Amino acid sequence: MSHDHRLPMAAPAGVYCERRAKRATSLGRPLVLFAGHAPARNYPTNPHRFRANSSYLYYGGPPVENAALLIEPGSDGQTGVTLIRPPAGPDDALWIGEPLADETLANAVDLPVASLAPPEGLTKLLNGRKAAGVVAPYPGTIRWAQQLSVEPANDDELLAIIAQRLIKDEYELVAMRRAAKVAGVAHLTAMAFTRPGKREADVAGAFRMMLESEQCDVSFTPIVTVRGEVLHGHGHPNTLQDGALLLVDAGAEEPGGYASDITRTFPVSGQWSEIQRQLYDTVERSLNAATAACVPGKRYRDVHDLSARVICEGLVEVDLLRGDPDDLLARRAHTLFYPHGVGHLIGLDAHDMEDFGDLAGYAPGRTRRPEFGNKYLRLDRDLEAGMCVTVEPGIYLVPAIWESKELTEPLADVVNRDKVDVLLRARFGGIRVEHTICVRDANGPEVLSEMVPTNADDVAGCVGKA
Ligand code: GLY
Ligand code: MN
Ligand code: MN
């Protein structure tokens, strides 16, 4: 592996060669993977951090802006592979440091130096041929692909990439364990930092500080909120009040690009109220049942339905729902409280391969169920060893749901609306608990995020200790 800090490759060089060779066997036309470039708001030389496109990284593209990787059909991973490397600008050494030496770049990704070429090299090599592309969604990259007449890869071409990327190898797992561990430490730090009188922003800052010190980035904008019922709510405007729940949904991206995604919810004061504790325990039971069910051969949609069944049981126990849990599940009564899916793929992105839409998340022939709640499930494949997914059930009191006659009237006979209204008036918020896992064997998955406790007493014990 390379020792230049600008080339934090997750795998040994030869692994990238194998991945390219495997992809090339079923290629019918050249494939161009674009790295993309750093987004800037106005002044291009003050950009945000550059993060190369995930498919480009997977096949051994080094993290170099405006680079691209060409793979010819039938390539052995080296012959017929070209790494397009834009020339260094005259002032680059002054402003951004010495350019990477060709040998360093080539060695890191198992290509001969002769396989490196400037952008004109790609124009010459394609020579008017139609190529398939995976185009990072940045203006300069889109323009370049259009100039080259590169077409977006079709479904069959993408499915071949998806099939490879779905199953994580040992190197990817090492990177994912690191991303989970760094995020785990950051979560524990954030919990320890939480107490009444602090602000959401203080807790978010504590989380980010730990990531920075481990040279990791956030894998998405952290959600740190006392309004956990806003499922992906951003901004940290609130001060933490005694009695409130704080939801922290945040993950790390390690330098090679692999992500973790972890959620914990806990009382700001370290003390659960009775109803908070009851509903938390239900979410944790759902999490544990769904996590244990993630074994090879299991349909992920059934994992979702199992998690929802446990939520129904718990909602009956606290008299928020009334009836038989199986009937409630069949009528989707849980969606009033648990309106999202149980999780998604994770890997080189927190939502791995969601740039391919449902082609990655849904097995061929499967489509999303159309109804409220169920339609938000992002994954419906049969699980296989090596797949990494999240498991993230929740219970929320969402005012907009309870204001909707369309959603609530058909279920009015099974809902204890008086109790719902009490919780809404108290601004209960929401509870979500999320693991990042790797599917292993029939004994159950590897829980990459297990260092952050989920048991209600253990979680409360982590709060306010800093
Ligand atoms: N944080 C985004 C998610 O959990 O899916
Ligand atoms: Mn999350
Ligand atoms: Mn998630």
# chains A, B, ... in the order shown; residues from 1 in each chain; ligands from 1

$ closest_atom_pairs --of "chain A" --to "ligand 3" --cutoff "7 Å" --atoms "only C-alpha atoms and all ligand atoms" --output "CSV"
residue,atom,partner,partner_atom_place_in_ligand_line,distance
A:Asp261,CA,ligand 3,1 (Mn),5.4
A:Ile262,CA,ligand 3,1 (Mn),6.9
A:Gly343,CA,ligand 3,1 (Mn),5.7
A:His344,CA,ligand 3,1 (Mn),6.4
A:Ala350,CA,ligand 3,1 (Mn),6.9
A:Thr390,CA,ligand 3,1 (Mn),5.6
A:Glu392,CA,ligand 3,1 (Mn),6.5
A:Glu434,CA,ligand 3,1 (Mn),6.8

$ write_last_selection --atoms "N, CA and C atoms" --output "PDB file, in the first residue's frame"
ATOM      1  N   ASP A 261     -22.435   4.640   9.792  1.00  0.00           N
ATOM      2  CA  ASP A 261     -23.698   5.378   9.968  1.00  0.00           C
ATOM      3  C   ASP A 261     -24.335   4.829  11.239  1.00  0.00           C
ATOM      4  N   ILE A 262     -24.333   5.645  12.299  1.00  0.00           N
ATOM      5  CA  ILE A 262     -24.725   5.167  13.632  1.00  0.00           C
ATOM      6  C   ILE A 262     -25.693   6.184  14.242  1.00  0.00           C
ATOM      7  N   GLY A 343     -33.466   0.299   6.865  1.00  0.00           N
ATOM      8  CA  GLY A 343     -32.056   0.596   6.599  1.00  0.00           C
ATOM      9  C   GLY A 343     -31.723   0.590   5.124  1.00  0.00           C
ATOM     10  N   HIS A 344     -30.445   0.481   4.829  1.00  0.00           N
ATOM     11  CA  HIS A 344     -29.938   0.666   3.464  1.00  0.00           C
ATOM     12  C   HIS A 344     -28.562   0.038   3.356  1.00  0.00           C
ATOM     13  N   ALA A 350     -22.329   6.351   2.745  1.00  0.00           N
ATOM     14  CA  ALA A 350     -23.265   5.970   3.815  1.00  0.00           C
ATOM     15  C   ALA A 350     -24.505   5.315   3.206  1.00  0.00           C
ATOM     16  N   THR A 390     -27.328  -1.060   7.089  1.00  0.00           N
ATOM     17  CA  THR A 390     -27.685  -0.504   8.389  1.00  0.00           C
ATOM     18  C   THR A 390     -28.985  -1.146   8.859  1.00  0.00           C
ATOM     19  N   GLU A 392     -31.990   0.275  11.442  1.00  0.00           N
ATOM     20  CA  GLU A 392     -32.271   1.540  12.135  1.00  0.00           C
ATOM     21  C   GLU A 392     -33.762   1.796  12.339  1.00  0.00           C
ATOM     22  N   GLU A 434     -29.444   2.957  15.546  1.00  0.00           N
ATOM     23  CA  GLU A 434     -28.946   2.461  14.253  1.00  0.00           C
ATOM     24  C   GLU A 434     -27.600   1.770  14.396  1.00  0.00           C
TER      25      GLU A 434
END

$ residues_around --residues "range 161-164 of chain A" --least-positions-apart "4" --cutoff "8 Å" --atoms "only C-alpha atoms" --output "list of chain:residue names"
A:Arg19, A:Arg23, A:Ser55, A:Glu157, A:Met353, A:Ala360

$ select_by_dssp --residues "range 90-285 of chain A" --states "strand (DSSP E)" --output "list in words"
Leu116, Ala117, Ala132, Gly133, Val134, Glu151, Pro152, Asp217, Val218, Ile223, Val224, Thr225, Leu245, Leu246, Leu247, Val248, Asp249, Ala250, Ala252, Glu253, Ile262, Thr263, Arg264, Thr265, Phe266 and Pro267 of chain A

$ write_last_selection --atoms "N, CA, C and O atoms" --output "short mmCIF file (atom, residue, chain, number, x, y, z; two decimals), in the first residue's frame"
data_model
loop_
_atom_site.label_atom_id
_atom_site.label_comp_id
_atom_site.auth_asym_id
_atom_site.auth_seq_id
_atom_site.Cartn_x
_atom_site.Cartn_y
_atom_site.Cartn_z
N LEU A 116 -0.38 5.78 -17.55
CA LEU A 116 -0.85 7.12 -17.18
C LEU A 116 -0.86 8.00 -18.42
O LEU A 116 0.06 7.94 -19.24
N ALA A 117 -1.91 8.79 -18.57
CA ALA A 117 -2.01 9.65 -19.75
C ALA A 117 -2.69 10.96 -19.38
O ALA A 117 -3.47 11.00 -18.43
N ALA A 132 -19.13 3.74 -22.20
CA ALA A 132 -20.06 3.89 -21.08
C ALA A 132 -19.33 4.64 -19.98
O ALA A 132 -18.13 4.48 -19.80
N GLY A 133 -20.07 5.45 -19.23
CA GLY A 133 -19.42 6.22 -18.17
C GLY A 133 -20.16 6.17 -16.86
O GLY A 133 -21.38 6.03 -16.82
N VAL A 134 -19.39 6.25 -15.78
CA VAL A 134 -19.96 6.57 -14.47
C VAL A 134 -19.44 7.98 -14.17
O VAL A 134 -18.24 8.16 -13.96
N GLU A 151 -21.58 7.92 -22.82
CA GLU A 151 -22.99 7.78 -22.43
C GLU A 151 -23.05 7.24 -21.01
O GLU A 151 -22.19 6.47 -20.60
N PRO A 152 -24.09 7.59 -20.26
CA PRO A 152 -24.23 6.98 -18.94
C PRO A 152 -24.29 5.45 -19.08
O PRO A 152 -24.92 4.93 -20.01
N ASP A 217 -13.57 12.18 8.03
CA ASP A 217 -14.56 13.21 7.73
C ASP A 217 -15.92 12.67 8.19
O ASP A 217 -16.04 11.48 8.53
N VAL A 218 -16.94 13.51 8.18
CA VAL A 218 -18.29 13.00 8.40
C VAL A 218 -18.73 12.26 7.13
O VAL A 218 -18.34 12.64 6.03
N ILE A 223 -26.83 14.57 12.13
CA ILE A 223 -28.14 14.96 12.66
C ILE A 223 -28.00 14.93 14.17
O ILE A 223 -27.74 13.88 14.76
N VAL A 224 -28.09 16.07 14.80
CA VAL A 224 -27.96 16.18 16.26
C VAL A 224 -29.10 17.07 16.69
O VAL A 224 -29.04 18.29 16.53
N THR A 225 -30.17 16.46 17.24
CA THR A 225 -31.38 17.25 17.38
C THR A 225 -32.27 16.75 18.52
O THR A 225 -32.35 15.54 18.75
N LEU A 245 -35.23 14.37 24.78
CA LEU A 245 -34.39 13.33 24.18
C LEU A 245 -33.51 13.98 23.12
O LEU A 245 -33.97 14.85 22.38
N LEU A 246 -32.26 13.54 23.03
CA LEU A 246 -31.37 14.01 21.96
C LEU A 246 -31.10 12.84 21.02
O LEU A 246 -30.71 11.75 21.47
N LEU A 247 -31.33 13.08 19.72
CA LEU A 247 -31.05 12.06 18.71
C LEU A 247 -29.78 12.46 17.96
O LEU A 247 -29.71 13.58 17.44
N VAL A 248 -28.80 11.56 17.95
CA VAL A 248 -27.55 11.82 17.22
C VAL A 248 -27.39 10.73 16.17
O VAL A 248 -27.21 9.55 16.50
N ASP A 249 -27.51 11.11 14.91
CA ASP A 249 -27.35 10.19 13.78
C ASP A 249 -26.16 10.71 12.99
O ASP A 249 -26.26 11.74 12.30
N ALA A 250 -25.02 10.04 13.12
CA ALA A 250 -23.79 10.58 12.54
C ALA A 250 -22.80 9.45 12.29
O ALA A 250 -22.76 8.48 13.04
N ALA A 252 -18.75 8.31 10.31
CA ALA A 252 -17.42 8.74 9.87
C ALA A 252 -17.13 8.18 8.48
O ALA A 252 -17.63 7.11 8.11
N GLU A 253 -16.29 8.93 7.74
CA GLU A 253 -15.72 8.41 6.50
C GLU A 253 -14.22 8.36 6.69
O GLU A 253 -13.59 9.39 6.95
N ILE A 262 -24.33 5.64 12.30
CA ILE A 262 -24.73 5.17 13.63
C ILE A 262 -25.69 6.18 14.24
O ILE A 262 -25.45 7.39 14.16
N THR A 263 -26.76 5.70 14.85
CA THR A 263 -27.67 6.59 15.58
C THR A 263 -27.84 6.11 17.01
O THR A 263 -27.99 4.90 17.25
N ARG A 264 -27.82 7.06 17.93
CA ARG A 264 -28.21 6.78 19.31
C ARG A 264 -29.13 7.90 19.76
O ARG A 264 -28.97 9.06 19.34
N THR A 265 -30.07 7.56 20.63
CA THR A 265 -30.99 8.53 21.20
C THR A 265 -30.94 8.38 22.71
O THR A 265 -30.94 7.25 23.22
N PHE A 266 -30.87 9.50 23.41
CA PHE A 266 -30.67 9.40 24.86
C PHE A 266 -31.26 10.63 25.55
O PHE A 266 -31.41 11.70 24.92
N PRO A 267 -31.59 10.49 26.84
CA PRO A 267 -32.14 11.64 27.55
C PRO A 267 -31.02 12.63 27.88
O PRO A 267 -29.94 12.22 28.33
#

$ select_by_dssp --residues "range 279-328 of chain A" --states "alpha helix (DSSP H)" --output "ChimeraX atom specification"
/A:279-292,300-317,325-328

$ closest_residue --among "A:Gly233, A:Pro339, A:Gly461, A:Gly444" --to "ligand 1" --atoms "only C-alpha atoms and all ligand atoms"
A:Gly233

$ atom_distance --atom1 "CA of Arg417 in chain A" --atom2 "CA of Leu320 in chain A"
7.6 Å

$ residues_around --residues "Ile395 in chain A" --least-positions-apart "3" --cutoff "8 Å" --atoms "only C-alpha atoms" --output "ChimeraX atom specification"
/A:279,283,311,337-338,430-432

$ write_last_selection --atoms "C-alpha atoms" --output "PDB file, in the first residue's frame"
ATOM      1  CA  LEU A 279     -40.642   3.344  23.781  1.00  0.00           C
ATOM      2  CA  VAL A 283     -36.998   0.367  19.543  1.00  0.00           C
ATOM      3  CA  ILE A 311     -42.688  -1.953  17.050  1.00  0.00           C
ATOM      4  CA  PHE A 337     -45.030   5.993  14.361  1.00  0.00           C
ATOM      5  CA  TYR A 338     -42.321   4.311  12.256  1.00  0.00           C
ATOM      6  CA  GLY A 430     -38.375  10.701  18.198  1.00  0.00           C
ATOM      7  CA  ILE A 431     -36.197   7.714  18.937  1.00  0.00           C
ATOM      8  CA  ARG A 432     -33.987   5.946  16.428  1.00  0.00           C
TER       9      ARG A 432
END

$ closest_residue --among "A:Asp441, A:Asp305, A:Asp156, A:Glu254" --to "Ser219 in chain A" --atoms "only C-alpha atoms"
A:Glu254

$ closest_residue --among "A:Leu27, A:Asp352, A:Cys312, A:Leu158" --to "Glu72 in chain A" --atoms "only C-alpha atoms"
A:Leu27

$ residues_around --residues "Gln241 in chain A" --least-positions-apart "6" --cutoff "10 Å" --atoms "only C-alpha atoms" --output "count of residues only"
9

$ residues_around --residues "Ala40 in chain A" --least-positions-apart "5" --cutoff "12 Å" --atoms "only C-alpha atoms" --output "list in words"
Thr45, Asn46, Pro47, His48, Arg49, Phe50, Tyr138, Pro139 and Gly140 of chain A

$ residues_around --residues "Glu446 in chain A" --least-positions-apart "3" --cutoff "10 Å" --atoms "only C-alpha atoms" --output "PyMOL selection string"
chain A and resi 177+291-292+294+386+388+436-441+443+449-450

$ closest_residue --among "A:Gly251, A:Gly314, A:Pro8, A:Gly77" --to "ligand 2" --atoms "only C-alpha atoms and all ligand atoms"
A:Gly251

$ closest_atom_pairs --of "range 2-71 of chain A" --to "range 119-122 of chain A" --cutoff "9 Å" --atoms "only C-alpha atoms" --output "Markdown table"
| residue | atom | partner | partner_atom | distance |
| --- | --- | --- | --- | --- |
| A:Ala67 | CA | A:Pro119 | CA | 8.2 |
| A:Ala68 | CA | A:Pro119 | CA | 8.6 |
| A:Leu70 | CA | A:Leu122 | CA | 7.8 |

$ write_last_selection --atoms "C-alpha atoms" --output "mmCIF file, in the first residue's frame"
data_model
loop_
_atom_site.group_PDB
_atom_site.id
_atom_site.type_symbol
_atom_site.label_atom_id
_atom_site.label_comp_id
_atom_site.auth_asym_id
_atom_site.auth_seq_id
_atom_site.Cartn_x
_atom_site.Cartn_y
_atom_site.Cartn_z
ATOM 1 C CA ALA A 67 -8.864 12.155 -13.202
ATOM 2 C CA ALA A 68 -10.553 9.231 -14.957
ATOM 3 C CA LEU A 70 -10.607 3.824 -18.733
#

$ atom_distance --atom1 "CA of Ala426 in chain A" --atom2 "CA of Thr239 in chain A"
16.4 Å

$ atom_distance --atom1 "CA of Arg368 in chain A" --atom2 "CA of Thr335 in chain A"
15.4 Å

$ decode --residues "range 340-383 of chain A" --atoms "C-alpha atoms" --output "tab-separated table (two decimals), in the first residue's frame"
chain	number	residue	atom	x	y	z
A	340	HIS	CA	-39.33	4.88	7.24
A	341	GLY	CA	-37.47	1.78	6.13
A	342	VAL	CA	-35.27	-0.30	8.42
A	343	GLY	CA	-32.06	0.60	6.60
A	344	HIS	CA	-29.94	0.67	3.46
A	345	LEU	CA	-26.70	-0.50	1.90
A	346	ILE	CA	-23.52	1.04	3.28
A	347	GLY	CA	-19.93	0.93	2.05
A	348	LEU	CA	-18.06	3.53	0.03
A	349	ASP	CA	-20.94	5.86	0.83
A	350	ALA	CA	-23.26	5.97	3.82
A	351	HIS	CA	-26.00	5.17	1.30
A	352	ASP	CA	-23.89	2.87	-0.81
A	353	MET	CA	-24.58	3.01	-4.55
A	354	GLU	CA	-27.73	5.10	-4.20
A	355	ASP	CA	-26.38	7.11	-7.15
A	356	PHE	CA	-27.66	4.09	-9.15
A	357	GLY	CA	-31.19	4.55	-7.77
A	358	ASP	CA	-33.03	1.36	-6.85
A	359	LEU	CA	-30.88	-0.68	-9.23
A	360	ALA	CA	-28.51	-1.35	-6.34
A	361	GLY	CA	-31.00	-1.54	-3.48
A	362	TYR	CA	-33.71	-3.61	-5.18
A	363	ALA	CA	-32.99	-7.05	-6.61
A	364	PRO	CA	-33.98	-7.43	-10.28
A	365	GLY	CA	-37.74	-7.94	-10.49
A	366	ARG	CA	-38.45	-6.26	-7.16
A	367	THR	CA	-39.85	-2.78	-6.78
A	368	ARG	CA	-40.84	-0.55	-3.91
A	369	ARG	CA	-44.20	-1.14	-2.25
A	370	PRO	CA	-46.32	1.92	-3.00
A	371	GLU	CA	-47.88	2.70	0.38
A	372	PHE	CA	-46.89	5.39	2.89
A	373	GLY	CA	-44.09	4.10	5.09
A	374	ASN	CA	-43.28	1.01	3.05
A	375	LYS	CA	-42.36	3.09	0.03
A	376	TYR	CA	-39.37	4.52	1.88
A	377	LEU	CA	-37.64	1.15	2.21
A	378	ARG	CA	-34.39	1.58	0.27
A	379	LEU	CA	-33.25	-2.04	0.11
A	380	ASP	CA	-34.94	-5.28	-0.87
A	381	ARG	CA	-32.34	-7.87	-1.71
A	382	ASP	CA	-31.70	-11.30	-0.29
A	383	LEU	CA	-28.79	-10.78	2.07
